[in-house]
$ cat coords_23.cif   # mmCIF, C-alpha atoms
data_data
#
loop_
_atom_site.label_atom_id
_atom_site.label_comp_id
_atom_site.auth_asym_id
_atom_site.auth_seq_id
_atom_site.Cartn_x
_atom_site.Cartn_y
_atom_site.Cartn_z
CA MET A 1 127.13 122.90 113.63
CA ASN A 2 124.51 123.28 110.92
CA SER A 3 126.04 120.51 108.82
CA ILE A 4 125.83 118.15 111.79
CA ILE A 5 122.09 118.76 112.12
CA ILE A 6 121.61 118.45 108.37
CA ASP A 7 123.40 115.10 108.30
CA TYR A 8 121.49 113.86 111.32
CA THR A 9 118.14 114.93 109.86
CA LEU A 10 119.00 113.24 106.57
CA HIS A 11 119.92 110.07 108.46
CA LEU A 12 116.49 110.07 110.13
CA ALA A 13 114.79 110.89 106.82
CA ASP A 14 116.63 108.24 104.80
CA THR A 15 115.99 105.51 107.35
CA THR A 16 112.26 106.12 107.41
CA LEU A 17 112.03 106.56 103.62
CA ILE A 18 113.84 103.31 102.83
CA LEU A 19 111.78 101.27 105.28
CA ALA A 20 108.61 102.87 103.89
CA GLN A 21 109.71 101.88 100.39
CA ARG A 22 110.48 98.30 101.47
CA ASN A 23 107.13 97.90 103.21
CA ALA A 24 105.32 99.38 100.24
CA GLU A 25 106.65 96.51 98.12
CA TRP A 26 104.11 94.36 99.99
CA CYS A 27 101.21 96.39 98.61
CA GLY A 28 98.86 93.86 97.04
CA HIS A 29 101.02 90.91 98.16
CA GLY A 30 100.28 90.65 101.90
CA PRO A 31 99.43 87.21 103.30
CA VAL A 32 95.85 88.30 104.01
CA LEU A 33 94.04 91.50 103.14
CA GLU A 34 94.04 92.94 106.68
CA GLN A 35 97.79 92.48 107.06
CA ASP A 36 98.44 93.84 103.58
CA ILE A 37 96.61 96.96 104.73
CA ALA A 38 98.51 97.00 108.03
CA ILE A 39 101.97 96.89 106.47
CA THR A 40 101.10 99.54 103.89
CA ASN A 41 99.58 101.76 106.62
CA ILE A 42 102.90 101.48 108.46
CA SER A 43 104.66 102.32 105.23
CA LEU A 44 102.52 105.45 104.89
CA ASP A 45 103.27 106.53 108.47
CA LEU A 46 107.01 106.12 107.83
CA LEU A 47 106.77 107.99 104.54
CA GLY A 48 105.03 110.85 106.34
CA GLN A 49 107.76 110.91 108.96
CA SER A 50 110.46 110.93 106.30
CA ARG A 51 108.75 113.82 104.48
CA ASN A 52 108.77 115.85 107.68
CA PHE A 53 112.48 115.17 108.14
CA TYR A 54 113.31 115.91 104.47
CA GLN A 55 111.31 119.13 104.52
CA TYR A 56 113.23 120.29 107.56
CA ALA A 57 116.56 119.25 106.02
CA ALA A 58 115.64 121.17 102.85
CA VAL A 59 115.05 124.33 104.88
CA LEU A 60 118.41 123.93 106.60
CA ILE A 61 120.24 123.25 103.34
CA GLY A 62 118.52 126.05 101.42
CA ASP A 63 119.95 126.44 97.92
CA ASN A 64 116.72 125.25 96.24
CA ALA A 65 116.83 121.87 97.99
CA THR A 66 113.38 120.29 98.35
CA GLU A 67 112.06 117.13 99.95
CA ASP A 68 111.88 115.69 96.44
CA SER A 69 115.42 116.57 95.40
CA LEU A 70 116.72 115.02 98.62
CA ALA A 71 114.78 111.79 98.19
CA TYR A 72 115.07 111.40 94.43
CA LEU A 73 118.38 112.88 93.39
CA ARG A 74 120.95 111.82 95.97
CA LYS A 75 123.28 108.93 95.23
CA GLU A 76 123.66 105.66 97.09
CA ARG A 77 126.77 106.80 98.96
CA GLU A 78 124.94 109.92 100.13
CA PHE A 79 122.16 107.93 101.82
CA LYS A 80 122.67 107.58 105.56
CA ASN A 81 119.96 105.05 106.42
CA LEU A 82 120.49 102.12 108.74
CA LEU A 83 121.54 98.91 107.00
CA LEU A 84 118.72 97.05 108.76
CA VAL A 85 115.93 98.86 106.92
CA GLU A 86 117.33 98.29 103.42
CA GLN A 87 117.41 94.51 103.82
CA ALA A 88 115.13 92.58 101.46
CA ASN A 89 111.58 91.77 102.47
CA GLY A 90 112.29 88.03 102.24
CA ASP A 91 109.29 86.19 103.63
CA TRP A 92 106.67 87.61 106.01
CA ALA A 93 108.80 86.61 109.01
CA GLN A 94 111.78 88.65 107.78
CA THR A 95 109.59 91.67 107.09
CA ILE A 96 107.97 91.41 110.53
CA LEU A 97 111.26 91.01 112.36
CA ARG A 98 112.88 93.90 110.50
CA GLN A 99 109.92 96.09 111.47
CA TYR A 100 109.99 94.97 115.07
CA LEU A 101 113.75 95.42 115.62
CA PHE A 102 113.55 98.87 114.06
CA SER A 103 110.28 100.09 115.65
CA GLN A 104 111.43 99.07 119.10
CA PHE A 105 114.57 101.14 118.55
CA GLN A 106 112.69 104.04 116.97
CA TYR A 107 110.30 104.22 119.91
CA LEU A 108 113.18 104.60 122.39
CA LEU A 109 114.91 107.09 120.10
CA PHE A 110 111.82 109.30 119.69
CA GLU A 111 111.19 109.21 123.45
CA GLN A 112 114.49 111.08 123.77
CA LEU A 113 114.29 113.12 120.59
CA GLN A 114 110.89 114.63 121.49
CA ASN A 115 112.60 116.36 124.44
CA CYS A 116 115.66 117.60 122.58
CA LYS A 117 116.50 121.28 122.21
CA ASN A 118 115.94 121.35 118.46
CA ASP A 119 112.26 122.38 118.25
CA GLN A 120 111.51 120.95 114.82
CA LEU A 121 113.13 117.54 115.43
CA ALA A 122 111.38 117.40 118.80
CA ALA A 123 108.02 118.17 117.16
CA ILE A 124 108.48 115.51 114.48
CA ALA A 125 109.44 112.95 117.13
CA ALA A 126 106.48 113.82 119.37
CA LYS A 127 104.15 113.52 116.39
CA SER A 128 105.68 110.27 115.13
CA ILE A 129 105.98 108.38 118.40
CA LYS A 130 102.20 107.94 118.56
CA GLU A 131 102.39 106.12 115.24
CA THR A 132 105.46 104.15 116.30
CA ALA A 133 103.55 102.88 119.37
CA TYR A 134 101.13 101.16 116.99
CA HIS A 135 104.02 99.75 114.92
CA VAL A 136 105.79 98.32 117.97
CA ARG A 137 102.64 96.66 119.22
CA TRP A 138 101.61 95.21 115.90
CA SER A 139 105.08 93.89 114.98
CA SER A 140 105.86 92.42 118.41
CA GLU A 141 102.55 90.57 118.47
CA TRP A 142 103.48 89.10 115.10
CA VAL A 143 106.99 88.09 116.28
CA ILE A 144 105.36 86.18 119.14
CA ARG A 145 102.69 84.68 116.89
CA LEU A 146 105.30 83.41 114.43
CA GLY A 147 107.91 82.32 116.98
CA ASP A 148 105.45 80.51 119.22
CA GLY A 149 103.29 79.35 116.33
CA THR A 150 103.79 76.35 114.08
CA GLU A 151 107.03 74.53 113.39
CA GLU A 152 107.27 76.23 110.02
CA SER A 153 106.59 79.74 111.32
CA HIS A 154 109.14 79.17 114.09
CA ASP A 155 111.75 78.04 111.54
CA ARG A 156 111.07 81.04 109.35
CA ILE A 157 111.41 83.63 112.07
CA THR A 158 114.51 81.88 113.45
CA ASN A 159 115.98 82.21 109.98
CA ALA A 160 114.99 85.88 109.98
CA VAL A 161 116.89 86.40 113.25
CA ASP A 162 119.96 84.82 111.61
CA GLN A 163 119.60 87.10 108.59
CA LEU A 164 118.96 90.39 110.38
CA TRP A 165 120.60 90.35 113.78
CA ARG A 166 123.98 91.38 112.36
CA TYR A 167 122.51 94.74 111.30
CA THR A 168 121.21 95.71 114.75
CA GLY A 169 124.56 96.72 116.29
CA GLU A 170 124.78 99.73 114.00
CA MET A 171 121.78 101.40 115.64
CA PHE A 172 123.76 101.92 118.84
CA GLU A 173 127.08 103.00 117.32
CA PRO A 174 126.87 106.77 116.91
CA ALA A 175 127.99 108.40 113.67
CA ASN A 176 129.94 111.63 114.09
CA TYR A 177 126.78 113.66 113.36
CA GLU A 178 124.68 111.81 115.94
CA THR A 179 125.05 114.25 118.79
CA ILE A 180 121.47 115.08 119.72
CA VAL A 181 120.50 111.73 121.22
CA ASP A 182 123.18 109.45 122.62
CA VAL A 183 122.15 106.15 121.03
CA THR A 184 124.60 104.15 123.13
CA THR A 185 122.32 104.77 126.11
CA LEU A 186 119.36 103.16 124.32
CA LYS A 187 121.03 99.79 123.86
CA ASN A 188 120.25 98.23 127.25
CA ASP A 189 116.59 99.20 127.16
CA TRP A 190 116.27 97.94 123.61
CA LEU A 191 117.95 94.63 124.37
CA GLN A 192 115.80 94.14 127.44
CA LYS A 193 112.59 94.73 125.50
CA VAL A 194 113.67 92.53 122.61
CA THR A 195 114.67 89.77 125.05
CA THR A 196 111.21 89.87 126.64
CA ILE A 197 109.52 89.52 123.25
CA PHE A 198 111.96 86.83 122.10
CA ASN A 199 111.38 84.82 125.29
CA GLU A 200 107.65 85.01 124.74
CA ALA A 201 108.21 83.96 121.13
CA THR A 202 110.52 81.07 122.15
CA LEU A 203 113.39 82.63 120.20
CA SER A 204 116.92 83.17 121.37
CA ILE A 205 119.16 86.20 121.03
CA PRO A 206 122.25 85.28 119.00
CA ALA A 207 125.40 85.32 121.12
CA ASN A 208 128.62 87.07 120.07
CA ALA A 209 127.31 87.86 116.62
CA PHE A 210 129.41 89.84 114.15
CA MET A 211 127.89 93.26 113.55
CA GLN A 212 127.92 94.84 110.11
CA THR A 213 127.99 98.64 110.18
CA GLY A 214 128.48 101.49 107.70
CA GLY A 215 125.03 102.59 106.57
CA LYS A 216 125.08 105.78 108.62
CA ASP A 217 128.19 106.83 106.70
CA GLY A 218 126.90 105.84 103.29
CA LYS A 219 128.52 102.40 103.04
CA HIS A 220 125.61 100.17 102.20
CA THR A 221 124.89 96.55 101.44
CA GLU A 222 124.16 95.69 97.80
CA GLN A 223 120.44 96.07 98.57
CA LEU A 224 120.25 99.86 98.57
CA GLY A 225 121.28 100.35 94.94
CA PHE A 226 118.35 98.26 93.75
CA ILE A 227 115.90 100.15 95.96
CA LEU A 228 117.11 103.52 94.68
CA THR A 229 117.02 102.33 91.08
CA GLU A 230 113.30 101.74 91.43
CA LEU A 231 112.57 104.65 93.76
CA GLN A 232 114.42 107.24 91.70
CA TYR A 233 113.74 105.90 88.23
CA MET A 234 111.05 108.40 87.28
CA GLN A 235 112.92 111.52 88.36
CA ARG A 236 116.15 110.30 86.79
CA THR A 237 114.48 109.47 83.49
CA TYR A 238 112.16 112.45 83.31
CA PRO A 239 113.85 115.14 85.42
CA ALA A 240 111.46 117.45 87.28
CA ALA A 241 108.41 115.48 86.13
CA GLU A 242 105.32 116.26 88.18
CA TRP A 243 101.94 114.61 88.64
CA MET B 1 83.97 145.97 122.35
CA VAL B 2 84.34 143.85 119.23
CA THR B 3 87.28 144.93 117.18
CA PRO B 4 87.12 144.64 113.39
CA SER B 5 89.76 141.98 113.36
CA THR B 6 87.66 139.65 115.53
CA ILE B 7 84.61 140.09 113.29
CA GLU B 8 86.87 139.29 110.40
CA GLU B 9 88.22 136.32 112.26
CA LYS B 10 84.75 134.95 112.95
CA LYS B 11 83.97 135.25 109.28
CA ILE B 12 87.04 133.26 108.39
CA TRP B 13 86.29 130.52 110.90
CA ARG B 14 82.82 130.25 109.38
CA ILE B 15 84.33 129.84 105.92
CA LEU B 16 86.69 127.18 107.25
CA GLU B 17 83.64 125.30 108.53
CA THR B 18 82.71 124.65 104.91
CA VAL B 19 85.98 122.82 104.17
CA THR B 20 85.65 119.07 104.65
CA ASP B 21 88.05 116.17 104.99
CA PRO B 22 88.25 114.60 101.50
CA GLU B 23 88.49 111.11 103.01
CA VAL B 24 85.70 111.52 105.57
CA PRO B 25 83.52 114.11 103.82
CA VAL B 26 80.99 114.45 106.67
CA LEU B 27 83.66 116.00 108.87
CA THR B 28 84.74 119.59 108.50
CA ILE B 29 88.32 120.50 109.28
CA ILE B 30 86.97 122.29 112.37
CA ASP B 31 85.25 119.09 113.55
CA LEU B 32 88.55 117.26 113.12
CA GLY B 33 90.40 119.81 115.19
CA ILE B 34 93.16 120.34 112.66
CA VAL B 35 92.74 124.13 112.36
CA ARG B 36 94.87 125.47 115.18
CA ASP B 37 94.83 129.21 114.58
CA VAL B 38 93.85 132.02 112.26
CA LYS B 39 96.13 135.03 112.04
CA ILE B 40 95.08 138.18 110.32
CA ASN B 41 97.18 141.18 109.50
CA GLU B 42 96.71 143.92 106.99
CA GLU B 43 98.32 142.13 104.10
CA GLN B 44 97.73 138.49 104.74
CA ILE B 45 95.57 135.80 106.27
CA GLU B 46 97.43 132.88 107.74
CA ILE B 47 95.69 129.62 108.58
CA ILE B 48 97.63 127.31 110.89
CA ILE B 49 96.79 123.63 110.50
CA THR B 50 98.26 120.42 111.88
CA PRO B 51 98.18 116.97 110.25
CA THR B 52 96.30 114.09 111.83
CA TYR B 53 98.91 111.45 110.93
CA SER B 54 102.40 112.21 109.58
CA GLY B 55 101.61 110.51 106.29
CA CYS B 56 98.03 111.68 105.89
CA PRO B 57 97.69 112.11 102.10
CA ALA B 58 94.65 114.36 102.53
CA MET B 59 96.68 117.27 103.90
CA ASP B 60 97.76 118.64 100.52
CA MET B 61 94.17 118.59 99.32
CA ILE B 62 92.89 120.17 102.52
CA THR B 63 95.44 122.97 102.11
CA MET B 64 94.24 123.55 98.57
CA ASN B 65 90.57 123.50 99.61
CA ILE B 66 91.18 126.05 102.37
CA ARG B 67 92.80 128.30 99.80
CA LEU B 68 89.92 127.86 97.35
CA ALA B 69 87.24 128.49 99.98
CA LEU B 70 88.91 131.74 101.02
CA LEU B 71 89.51 132.83 97.43
CA GLU B 72 85.85 132.25 96.62
CA ASN B 73 85.00 134.59 99.48
CA GLY B 74 87.19 137.34 98.15
CA TYR B 75 90.34 136.85 100.18
CA LYS B 76 93.50 137.09 98.15
CA ASN B 77 96.71 136.84 100.10
CA ILE B 78 96.36 133.51 101.87
CA LYS B 79 99.00 131.48 103.56
CA VAL B 80 98.41 128.00 104.96
CA THR B 81 101.06 126.86 107.41
CA SER B 82 101.36 123.34 108.75
CA VAL B 83 102.74 122.90 112.24
CA LEU B 84 103.51 119.62 114.00
CA ALA B 85 103.56 120.65 117.65
CA PRO B 86 101.54 120.07 119.70
CA ALA B 87 100.74 116.77 118.02
CA TRP B 88 97.14 116.26 116.92
CA SER B 89 94.95 114.06 119.07
CA THR B 90 91.47 112.61 118.60
CA ASP B 91 90.65 114.47 121.84
CA TRP B 92 90.43 117.56 119.65
CA MET B 93 87.54 116.19 117.63
CA SER B 94 84.33 118.11 118.31
CA GLU B 95 81.26 116.44 119.83
CA ALA B 96 79.30 117.52 116.76
CA GLY B 97 81.93 115.76 114.66
CA LYS B 98 81.54 112.55 116.64
CA ILE B 99 77.79 112.56 116.10
CA LYS B 100 78.23 113.16 112.36
CA LEU B 101 80.78 110.34 112.13
CA LYS B 102 78.41 107.88 113.77
CA GLU B 103 75.54 108.89 111.48
CA TYR B 104 77.88 108.33 108.55
CA GLY B 105 78.57 104.76 109.72
CA ILE B 106 82.00 105.24 111.30
CA ALA B 107 82.36 104.60 115.03
CA PRO B 108 83.76 107.78 116.62
CA PRO B 109 86.87 107.65 118.83
CA ASN B 110 86.18 106.70 122.43
CA SER B 111 86.54 109.76 124.60
CA LYS B 112 88.92 108.13 127.00
CA GLN B 113 92.07 106.92 125.27
CA GLN B 114 92.55 103.30 126.08
CA VAL B 115 94.84 101.62 123.60
CA CYS B 116 97.57 104.13 122.71
CA LYS B 117 100.11 102.05 124.57
CA THR B 118 102.68 99.52 123.49
CA ASP B 119 101.35 96.75 125.75
CA LEU B 120 100.71 93.57 123.83
CA PHE B 121 97.49 91.69 123.22
CA GLN B 122 95.51 94.26 125.15
CA LYS B 123 91.91 93.69 125.93
CA GLU B 124 90.00 95.16 123.03
CA GLU B 125 88.22 98.42 123.58
CA ALA B 126 84.45 98.25 123.73
CA ILE B 127 83.46 99.89 120.46
CA GLN B 128 79.83 100.55 119.78
CA CYS B 129 78.46 99.46 116.40
CA PRO B 130 77.39 102.67 114.63
CA LEU B 131 74.57 100.81 112.88
CA CYS B 132 72.77 98.80 115.57
CA ASN B 133 74.39 100.34 118.70
CA SER B 134 75.52 96.99 120.08
CA TYR B 135 78.76 96.84 122.05
CA HIS B 136 79.07 93.21 121.04
CA THR B 137 81.76 93.84 118.42
CA HIS B 138 85.28 92.68 117.68
CA ARG B 139 88.33 94.07 115.97
CA ILE B 140 89.26 92.61 112.59
CA SER B 141 92.37 94.73 112.03
CA GLU B 142 94.11 97.51 113.88
CA PHE B 143 94.82 99.18 110.54
CA GLY B 144 91.99 100.11 108.21
CA SER B 145 91.18 101.87 104.96
CA THR B 146 92.95 105.07 106.07
CA ALA B 147 95.65 105.78 108.64
CA CYS B 148 93.11 107.10 111.15
CA LYS B 149 90.80 104.08 111.19
CA SER B 150 90.77 100.44 112.24
CA LEU B 151 88.40 97.76 111.10
CA TYR B 152 85.72 96.18 113.31
CA GLN B 153 82.79 93.85 112.89
CA CYS B 154 79.53 93.79 114.81
CA ASP B 155 78.67 90.39 116.28
CA GLU B 156 74.97 91.29 116.47
CA CYS B 157 74.14 92.72 113.06
CA LYS B 158 77.28 91.21 111.44
CA GLU B 159 78.15 94.45 109.64
CA PRO B 160 81.82 95.33 109.32
CA PHE B 161 82.52 98.97 110.18
CA ASP B 162 85.35 101.48 110.53
CA TYR B 163 86.40 102.81 113.91
CA PHE B 164 88.11 106.20 114.04
CA LYS B 165 90.86 105.03 116.35
CA CYS B 166 92.20 107.00 119.26
CA HIS B 167 95.44 108.81 118.63
#

$ encode --input "coords_23.cif" --output "structure tokens"
Amino acid sequence: MNSIIIDYTLHLADTTLILAQRNAEWCGHGPVLEQDIAITNISLDLLGQSRNFYQYAAVLIGDNATEDSLAYLRKEREFKNLLLVEQANGDWAQTILRQYLFSQFQYLLFEQLQNCKNDQLAAIAAKSIKETAYHVRWSSEWVIRLGDGTEESHDRITNAVDQLWRYTGEMFEPANYETIVDVTTLKNDWLQKVTTIFNEATLSIPANAFMQTGGKDGKHTEQLGFILTELQYMQRTYPAAEW
Amino acid sequence: MVTPSTIEEKKIWRILETVTDPEVPVLTIIDLGIVRDVKINEEQIEIIITPTYSGCPAMDMITMNIRLALLENGYKNIKVTSVLAPAWSTDWMSEAGKIKLKEYGIAPPNSKQQVCKTDLFQKEEAIQCPLCNSYHTHRISEFGSTACKSLYQCDECKEPFDYFKCH
């Protein structure tokens, strides 16, 4: 039982950490200053959420585990994050769409998780969902702005849909440790909300798309290794280094 | 009758009033509403705090400053515990805190929460310029210099300013 909750908590922690790391790559490179600040603010929110999940996982694991050892010293195959969040930033449209598809899912997930019987996971979800509400609103406004914008912005976000849609199916296929919230029940709501935004953005939902899965069980795309190389470099090179 | 522990408790709350938010130094942690409880027993003093935002980088420093303030006042065995539930809200900010924020040049959170919803392209909240008091302002960015603020500009006096957004 405990190992199921540990794995689930690590899955939630890894997903938020990796998306935080991806968004942080934009720091200093955003299209305009205000949006640079927005995406890095979102990164910080996600990093805070991941720390809360890692700290809880560390307590459950015991054995001198810490939030740092879990983030910095686990290997690629041990990470349980969604494939969607490890995908490359690409252009602004890809970053925006990745954020939107994820935040819309995370909002529905935390709505359920905040009422679950595990007090600590419920508390983290209740805390985080207020932040996620901002992320959903900001990213969906951008999806609409790009989709219903210029010819070029429309082309770019259409390309982003082609790149990322195949990683969305995984969110609703439960791993064996995903017992606290039944993610299969979130799919219809998610699809309905995404369809509304896509319609507004003059985008279409891909039909019968192949879905790539595996991230929840540690089978990642080639992207994750590169992220971890950068993320974990300092602790791997200078073990136990501190600020 | 006032028991010794409540006198002690009052003393501790007064010490906590000297600890400020490192990012918004006019606000004490009491003004912010992040101190949730003080527990005293014979051996130890426990201060219960809650973070504003999950990723607020000031929390570690606030924890350290609480410790230092109590140490300076002769307390030794101090424990600072962070709890997440119930989640912090700008509703917990004191009225004194709101006045101090405005004097500092940051628009305080509106008392009635208006925009904490996922609806799109909502009508902007009427935010009063902390400098010239005009409501003729507009939002530049929903995200500002720290997680708790968004960026506005006054259309009257043209000054950009931070708004401590509702949460």

$ resolve_selection --input "coords_23.cif" --expression "the PyMOL selection byres ((chain B) within 8 of (chain A))" --output "PDB file with C-alpha atoms, in the coordinates of the input"
ATOM      1  CA  TYR B  53      98.910 111.450 110.930  1.00  0.00           C
ATOM      2  CA  SER B  54     102.400 112.210 109.580  1.00  0.00           C
ATOM      3  CA  GLY B  55     101.610 110.510 106.290  1.00  0.00           C
ATOM      4  CA  CYS B  56      98.030 111.680 105.890  1.00  0.00           C
ATOM      5  CA  LEU B  84     103.510 119.620 114.000  1.00  0.00           C
ATOM      6  CA  ALA B  85     103.560 120.650 117.650  1.00  0.00           C
ATOM      7  CA  PRO B  86     101.540 120.070 119.700  1.00  0.00           C
ATOM      8  CA  ALA B  87     100.740 116.770 118.020  1.00  0.00           C
ATOM      9  CA  TRP B  88      97.140 116.260 116.920  1.00  0.00           C
ATOM     10  CA  CYS B 116      97.570 104.130 122.710  1.00  0.00           C
ATOM     11  CA  LYS B 117     100.110 102.050 124.570  1.00  0.00           C
ATOM     12  CA  THR B 118     102.680  99.520 123.490  1.00  0.00           C
ATOM     13  CA  ASP B 119     101.350  96.750 125.750  1.00  0.00           C
ATOM     14  CA  LEU B 120     100.710  93.570 123.830  1.00  0.00           C
ATOM     15  CA  PHE B 121      97.490  91.690 123.220  1.00  0.00           C
ATOM     16  CA  ILE B 140      89.260  92.610 112.590  1.00  0.00           C
ATOM     17  CA  SER B 141      92.370  94.730 112.030  1.00  0.00           C
ATOM     18  CA  GLU B 142      94.110  97.510 113.880  1.00  0.00           C
ATOM     19  CA  PHE B 143      94.820  99.180 110.540  1.00  0.00           C
ATOM     20  CA  GLY B 144      91.990 100.110 108.210  1.00  0.00           C
ATOM     21  CA  SER B 145      91.180 101.870 104.960  1.00  0.00           C
ATOM     22  CA  THR B 146      92.950 105.070 106.070  1.00  0.00           C
ATOM     23  CA  ALA B 147      95.650 105.780 108.640  1.00  0.00           C
ATOM     24  CA  HIS B 167      95.440 108.810 118.630  1.00  0.00           C
TER      25      HIS B 167
END

$ resolve_selection --input "coords_23.cif" --expression "the PyMOL selection byres ((chain B and resi 90-107) around 7)" --output "list in words"
Val26, Leu27, Asp31, Leu32, Gly33, Trp88, Ser89, Pro108, Pro109, Ser111, Gln128, Cys129, Pro130, Leu131, Phe161, Asp162, Tyr163, Phe164, Cys166 and His167 of chain B

$ axis_aligned_box --input "coords_23.cif" --around "segment 54-62 of chain A" --padding-each-side "5 Å" --output "JSON"
{"center_x": 115.8, "center_y": 121.0, "center_z": 104.5, "size_x": 18.9, "size_y": 20.1, "size_z": 16.1}

$ residues_around --input "coords_23.cif" --residues "Asp91 of chain A" --least-positions-apart "2" --cutoff "10 Å" --atoms "only C-alpha atoms" --output "list in words"
Pro31, Ala88, Asn89, Ala93, Gln94, Thr95, Ile96, Arg156, Ile157 and Ala160 of chain A

$ residues_around --input "coords_23.cif" --residues "His138 of chain B" --least-positions-apart "5" --cutoff "10 Å" --atoms "all atoms listed in the file" --output "VMD selection string"
chain B and resid 124 to 129 151 to 155 160

$ resolve_selection --input "coords_23.cif" --expression "the PyMOL selection byres ((chain A and resi 73) around 12)" --output "number ranges by chain"
A: 65-72, 74-79, 228-229, 231-240
